[in-house]
>>> print(open('data-v9.txt').read())   # compact mmCIF, C-alpha atoms
# COMPACT_ATOMS: atom_id res chain seq x y z
CA ASP A 1 0.00 0.00 0.00
CA THR A 2 1.23 3.51 -0.78
CA ALA A 3 0.73 5.52 2.34
CA VAL A 4 2.07 7.26 5.37
CA SER A 5 2.61 4.86 8.24
CA GLN A 6 3.41 5.47 11.88
CA THR A 7 4.57 3.25 14.71
CA PRO A 8 3.50 2.66 17.33
CA LYS A 9 -0.21 3.28 17.12
CA TYR A 10 -0.52 3.56 20.90
CA LEU A 11 2.13 4.53 23.40
CA VAL A 12 1.58 4.58 27.15
CA THR A 13 4.50 5.64 29.29
CA GLN A 14 5.50 7.23 32.57
CA MET A 15 6.41 10.85 33.10
CA GLY A 16 10.11 11.48 32.68
CA ASN A 17 10.69 8.72 30.15
CA ASP A 18 12.13 9.18 26.66
CA LYS A 19 10.20 7.78 23.71
CA SER A 20 10.27 7.81 19.91
CA ILE A 21 7.58 7.70 17.26
CA LYS A 22 8.48 6.61 13.75
CA CYS A 23 7.00 7.75 10.47
CA GLU A 24 7.56 6.49 6.96
CA GLN A 25 6.04 7.49 3.65
CA ASN A 26 6.39 5.62 0.37
CA LEU A 27 4.72 8.28 -1.74
CA GLY A 28 7.98 9.75 -2.97
CA HIS A 29 7.18 13.06 -1.33
CA ASP A 30 9.79 15.66 -0.53
CA THR A 31 8.27 17.12 2.62
CA MET A 32 7.17 15.57 5.88
CA TYR A 33 5.47 17.03 8.92
CA TRP A 34 4.57 16.36 12.51
CA TYR A 35 1.29 17.66 13.89
CA LYS A 36 -0.06 17.47 17.44
CA GLN A 37 -3.77 16.98 18.09
CA ASP A 38 -4.63 17.84 21.66
CA SER A 39 -7.51 16.63 23.82
CA LYS A 40 -9.78 19.30 22.34
CA LYS A 41 -8.97 17.99 18.86
CA PHE A 42 -7.02 21.10 17.98
CA LEU A 43 -4.46 20.27 15.30
CA LYS A 44 -1.23 22.23 15.17
CA ILE A 45 1.96 21.99 13.12
CA MET A 46 5.08 21.11 15.11
CA PHE A 47 7.78 20.48 12.52
CA SER A 48 8.24 20.41 8.80
CA TYR A 49 11.15 18.79 6.97
CA ASN A 50 12.07 19.02 3.32
CA ASN A 51 14.62 16.58 1.94
CA LYS A 52 15.92 15.88 5.44
CA GLU A 53 16.26 19.56 6.31
CA LEU A 54 14.21 21.33 8.96
CA ILE A 55 12.10 24.13 7.46
CA ILE A 56 9.56 24.77 10.19
CA ASN A 57 9.91 24.52 13.92
CA GLU A 58 6.89 25.97 15.64
CA THR A 59 7.33 26.90 19.28
CA VAL A 60 7.86 23.37 20.42
CA PRO A 61 9.87 22.58 23.58
CA ASN A 62 13.36 21.38 22.79
CA ARG A 63 12.50 18.09 24.51
CA PHE A 64 11.02 17.27 21.10
CA SER A 65 13.64 16.44 18.50
CA PRO A 66 12.70 15.34 15.01
CA LYS A 67 15.15 13.30 12.99
CA SER A 68 15.03 12.59 9.29
CA PRO A 69 17.49 9.89 8.22
CA ASP A 70 16.23 10.13 4.65
CA LYS A 71 13.39 11.89 2.90
CA ALA A 72 11.05 8.93 3.38
CA HIS A 73 11.37 8.92 7.17
CA LEU A 74 10.73 11.48 9.86
CA ASN A 75 10.97 10.28 13.44
CA LEU A 76 10.02 12.17 16.55
CA HIS A 77 11.97 11.70 19.74
CA ILE A 78 10.63 13.10 22.99
CA ASN A 79 12.78 13.44 26.09
CA SER A 80 11.57 13.75 29.68
CA LEU A 81 7.92 13.22 28.86
CA GLU A 82 5.39 15.39 30.67
CA LEU A 83 1.68 14.93 31.31
CA GLY A 84 0.92 17.72 28.83
CA ASP A 85 2.56 15.76 26.05
CA SER A 86 -0.39 13.38 26.02
CA ALA A 87 -1.98 13.81 22.61
CA VAL A 88 -2.33 12.21 19.22
CA TYR A 89 0.66 12.87 17.00
CA PHE A 90 0.13 12.82 13.26
CA CYS A 91 2.79 12.52 10.65
CA ALA A 92 2.05 13.83 7.16
CA SER A 93 3.79 14.25 3.83
CA SER A 94 3.31 16.38 0.74
CA PRO A 95 4.94 16.63 -2.69
CA LEU A 96 6.62 19.98 -2.02
CA PRO A 97 8.79 21.69 -3.16
CA PRO A 98 8.85 23.42 -5.51
CA TYR A 99 5.62 24.85 -4.25
CA GLN A 100 2.89 24.91 -6.81
CA ALA A 101 -0.70 25.83 -6.25
CA GLY A 102 -2.81 22.76 -5.85
CA ARG A 103 0.11 20.56 -4.89
CA ASN A 104 0.10 21.33 -1.21
CA GLU A 105 -2.20 18.46 -0.36
CA GLN A 106 -0.94 16.66 2.70
CA PHE A 107 -1.33 12.96 3.31
CA PHE A 108 -1.66 11.95 6.92
CA GLY A 109 -0.59 8.90 8.86
CA PRO A 110 -3.00 7.08 11.18
CA GLY A 111 -1.71 8.88 14.26
CA THR A 112 0.05 7.78 17.43
CA ARG A 113 -1.92 8.18 20.63
CA LEU A 114 0.57 9.04 23.37
CA THR A 115 -0.56 8.79 26.97
CA VAL A 116 1.78 9.99 29.68
CA LEU A 117 0.94 8.78 33.19
CA ALA B 1 -1.57 36.97 10.57
CA GLN B 2 -2.72 33.77 8.98
CA ARG B 3 -5.65 32.27 10.79
CA VAL B 4 -8.56 29.91 10.19
CA THR B 5 -11.74 30.22 12.21
CA GLN B 6 -14.42 27.60 12.51
CA PRO B 7 -17.01 29.18 14.78
CA GLU B 8 -19.01 26.04 15.49
CA LYS B 9 -17.55 23.35 17.68
CA LEU B 10 -20.51 21.05 17.13
CA LEU B 11 -23.19 20.91 14.50
CA SER B 12 -26.07 18.47 14.95
CA VAL B 13 -28.52 17.83 12.14
CA PHE B 14 -31.05 15.22 11.12
CA LYS B 15 -30.52 12.90 8.20
CA GLY B 16 -31.65 14.55 4.99
CA ALA B 17 -31.21 18.08 6.31
CA PRO B 18 -28.88 20.57 4.62
CA VAL B 19 -25.50 21.11 6.20
CA GLU B 20 -23.21 24.13 6.21
CA LEU B 21 -19.96 24.09 8.14
CA LYS B 22 -18.53 27.56 8.39
CA CYS B 23 -14.94 28.53 7.80
CA ASN B 24 -13.43 31.99 7.70
CA TYR B 25 -9.81 32.79 7.09
CA SER B 26 -7.35 35.62 7.49
CA TYR B 27 -4.61 35.76 4.87
CA SER B 28 -2.73 38.51 3.10
CA GLY B 29 -1.96 36.78 -0.18
CA SER B 30 -3.73 34.37 -2.50
CA PRO B 31 -5.12 31.67 -0.23
CA GLU B 32 -5.13 27.97 -0.86
CA LEU B 33 -7.84 26.32 1.21
CA PHE B 34 -8.79 22.78 2.04
CA TRP B 35 -11.35 20.78 3.96
CA TYR B 36 -10.09 17.72 5.76
CA VAL B 37 -12.27 15.11 7.45
CA GLN B 38 -11.51 12.77 10.31
CA TYR B 39 -13.92 9.90 10.87
CA SER B 40 -13.99 8.29 14.27
CA ARG B 41 -10.52 6.92 15.13
CA GLN B 42 -9.31 7.24 11.56
CA ARG B 43 -6.63 9.30 9.96
CA LEU B 44 -7.21 12.77 8.68
CA GLN B 45 -7.98 12.75 4.98
CA LEU B 46 -8.46 15.40 2.37
CA LEU B 47 -12.10 16.00 1.49
CA LEU B 48 -11.72 18.77 -1.03
CA ARG B 49 -9.67 21.81 -2.00
CA HIS B 50 -10.86 25.06 -3.40
CA ILE B 51 -8.59 25.00 -6.40
CA SER B 52 -10.23 21.86 -7.76
CA ARG B 53 -13.79 23.18 -7.50
CA GLU B 54 -14.93 19.61 -7.08
CA SER B 55 -17.77 17.89 -5.28
CA ILE B 56 -16.78 14.98 -3.05
CA LYS B 57 -19.34 12.78 -1.30
CA GLY B 58 -21.91 15.45 -2.12
CA PHE B 59 -19.92 18.19 -0.37
CA THR B 60 -18.95 21.43 -2.05
CA ALA B 61 -17.11 24.51 -0.87
CA ASP B 62 -16.75 27.84 -2.61
CA LEU B 63 -14.03 30.30 -1.87
CA ASN B 64 -15.52 33.75 -1.26
CA LYS B 65 -12.63 36.20 -1.18
CA GLY B 66 -14.89 39.15 -0.37
CA GLU B 67 -16.16 37.47 2.78
CA THR B 68 -12.91 35.53 3.33
CA SER B 69 -14.93 32.38 3.71
CA PHE B 70 -14.76 28.79 2.53
CA HIS B 71 -17.91 27.21 3.91
CA LEU B 72 -18.55 23.50 3.37
CA LYS B 73 -22.03 22.56 2.20
CA LYS B 74 -24.07 19.49 1.51
CA PRO B 75 -27.75 19.60 0.55
CA PHE B 76 -28.78 16.34 2.25
CA ALA B 77 -26.76 15.03 5.19
CA GLN B 78 -26.21 11.30 5.68
CA GLU B 79 -25.41 9.49 8.91
CA GLU B 80 -22.06 8.43 7.51
CA ASP B 81 -21.10 12.11 7.24
CA SER B 82 -20.74 12.24 11.02
CA ALA B 83 -17.11 13.18 11.62
CA MET B 84 -14.78 15.99 12.60
CA TYR B 85 -14.23 18.50 9.80
CA TYR B 86 -11.22 20.76 9.64
CA CYS B 87 -10.82 23.76 7.41
CA ALA B 88 -7.17 24.42 6.55
CA LEU B 89 -5.14 27.13 4.90
CA SER B 90 -1.78 26.65 3.28
CA ASN B 91 0.79 29.10 4.66
CA GLN B 92 2.53 31.57 2.37
CA ALA B 93 5.57 29.42 1.80
CA GLY B 94 3.38 26.40 1.19
CA THR B 95 5.28 24.59 3.91
CA ALA B 96 2.51 23.93 6.42
CA LEU B 97 -1.21 23.80 6.87
CA ILE B 98 -2.89 26.06 9.37
CA PHE B 99 -5.95 24.32 10.71
CA GLY B 100 -9.10 25.66 12.24
CA LYS B 101 -10.22 24.14 15.52
CA GLY B 102 -12.54 21.76 13.77
CA THR B 103 -16.29 21.23 13.76
CA THR B 104 -17.86 17.97 14.81
CA LEU B 105 -20.77 17.11 12.56
CA SER B 106 -23.32 14.75 14.06
CA VAL B 107 -26.03 13.41 11.77
CA SER B 108 -28.83 11.48 13.39
CA SER B 109 -31.83 9.66 12.01
>>> encode(input="data-v9.txt", output="structure tokens")
Amino acid sequence: DTAVSQTPKYLVTQMGNDKSIKCEQNLGHDTMYWYKQDSKKFLKIMFSYNNKELIINETVPNRFSPKSPDKAHLNLHINSLELGDSAVYFCASSPLPPYQAGRNEQFFGPGTRLTVL
Amino acid sequence: AQRVTQPEKLLSVFKGAPVELKCNYSYSGSPELFWYVQYSRQRLQLLLRHISRESIKGFTADLNKGETSFHLKKPFAQEEDSAMYYCALSNQAGTALIFGKGTTLSVSS
């Protein structure tokens, strides 16, 4: 299947732990993203990578560190987890750049539900 | 500032009733707007984009630059339309989507 996949689907962990979420896309896209969906279902961009280079870093605590080993993968590592990190994290990809109108459709992964106890 | 506003958190309608989910945006350039849908415990998926002027699953949305709106409409709601709907705006660089807070549509029989 051509898609954006994420692992794990669910992640339950204790406060203070370090965890990683993996994302892979086989769509041949140049750009990948991480979004956070909070308990109120508000969806907000965290990071955006293009060809392994960071292009957007919204005011995210530096406990969150994205890593892109190649343009098909964008992993999210979180240090010293806090209760407020509990959320659903969505990975997405899009065929940027070069940016062209109508090409900025983003394809989303299934999400990783992180619960910090 | 770029912003997307969805004023309704929840919209409840009966099956067969018309639906309009409101979306207003704030943007200084030429906007590119989308509607995404998230069914219960599923991934977010693109429903439609203004540039395509298409109708998907009976939904349409017209970009009104004068009113800075991109409302989503369907003449006859179905129960399977129940989901969370997000209006989204592409930022100026085209490097991220700015989402509204979402509207939950509940269609009951």
>>> closest_atom_pairs(input="data-v9.txt", of="chain B", to="chain A", cutoff="8 Å", atoms="only C-alpha atoms", output="Markdown table")
| residue | atom | partner | partner_atom | distance |
| --- | --- | --- | --- | --- |
| B:Glu32 | CA | A:Ala101 | CA | 7.3 |
| B:Gln42 | CA | A:Pro110 | CA | 6.3 |
| B:Arg43 | CA | A:Pro110 | CA | 4.4 |
| B:Leu44 | CA | A:Phe108 | CA | 5.9 |
| B:Gln45 | CA | A:Phe108 | CA | 6.7 |
| B:Leu46 | CA | A:Glu105 | CA | 7.5 |
| B:Arg49 | CA | A:Gly102 | CA | 7.9 |
| B:Ile51 | CA | A:Gly102 | CA | 6.2 |
| B:Ser52 | CA | A:Gly102 | CA | 7.7 |
| B:Ser90 | CA | A:Asn104 | CA | 7.2 |
| B:Ala93 | CA | A:Tyr99 | CA | 7.6 |
| B:Gly94 | CA | A:Tyr99 | CA | 6.1 |
| B:Thr95 | CA | A:Ser48 | CA | 7.1 |
| B:Ala96 | CA | A:Ile45 | CA | 7.0 |
| B:Leu97 | CA | A:Ile45 | CA | 7.2 |
| B:Ile98 | CA | A:Lys44 | CA | 7.1 |
| B:Phe99 | CA | A:Leu43 | CA | 6.3 |
| B:Gly100 | CA | A:Phe42 | CA | 7.6 |
| B:Lys101 | CA | A:Phe42 | CA | 5.1 |
| B:Gly102 | CA | A:Phe42 | CA | 7.0 |
>>> atom_distance(input="data-v9.txt", atom1="atom CA of A:Lys9", atom2="atom CA of B:Val4")
28.8 Å
>>> residues_around(input="data-v9.txt", residues="A:Val116", least_positions_apart="2", cutoff="12 Å", atoms="only C-alpha atoms", output="ChimeraX atom specification")
/A:10-19,78,80-88,113-114
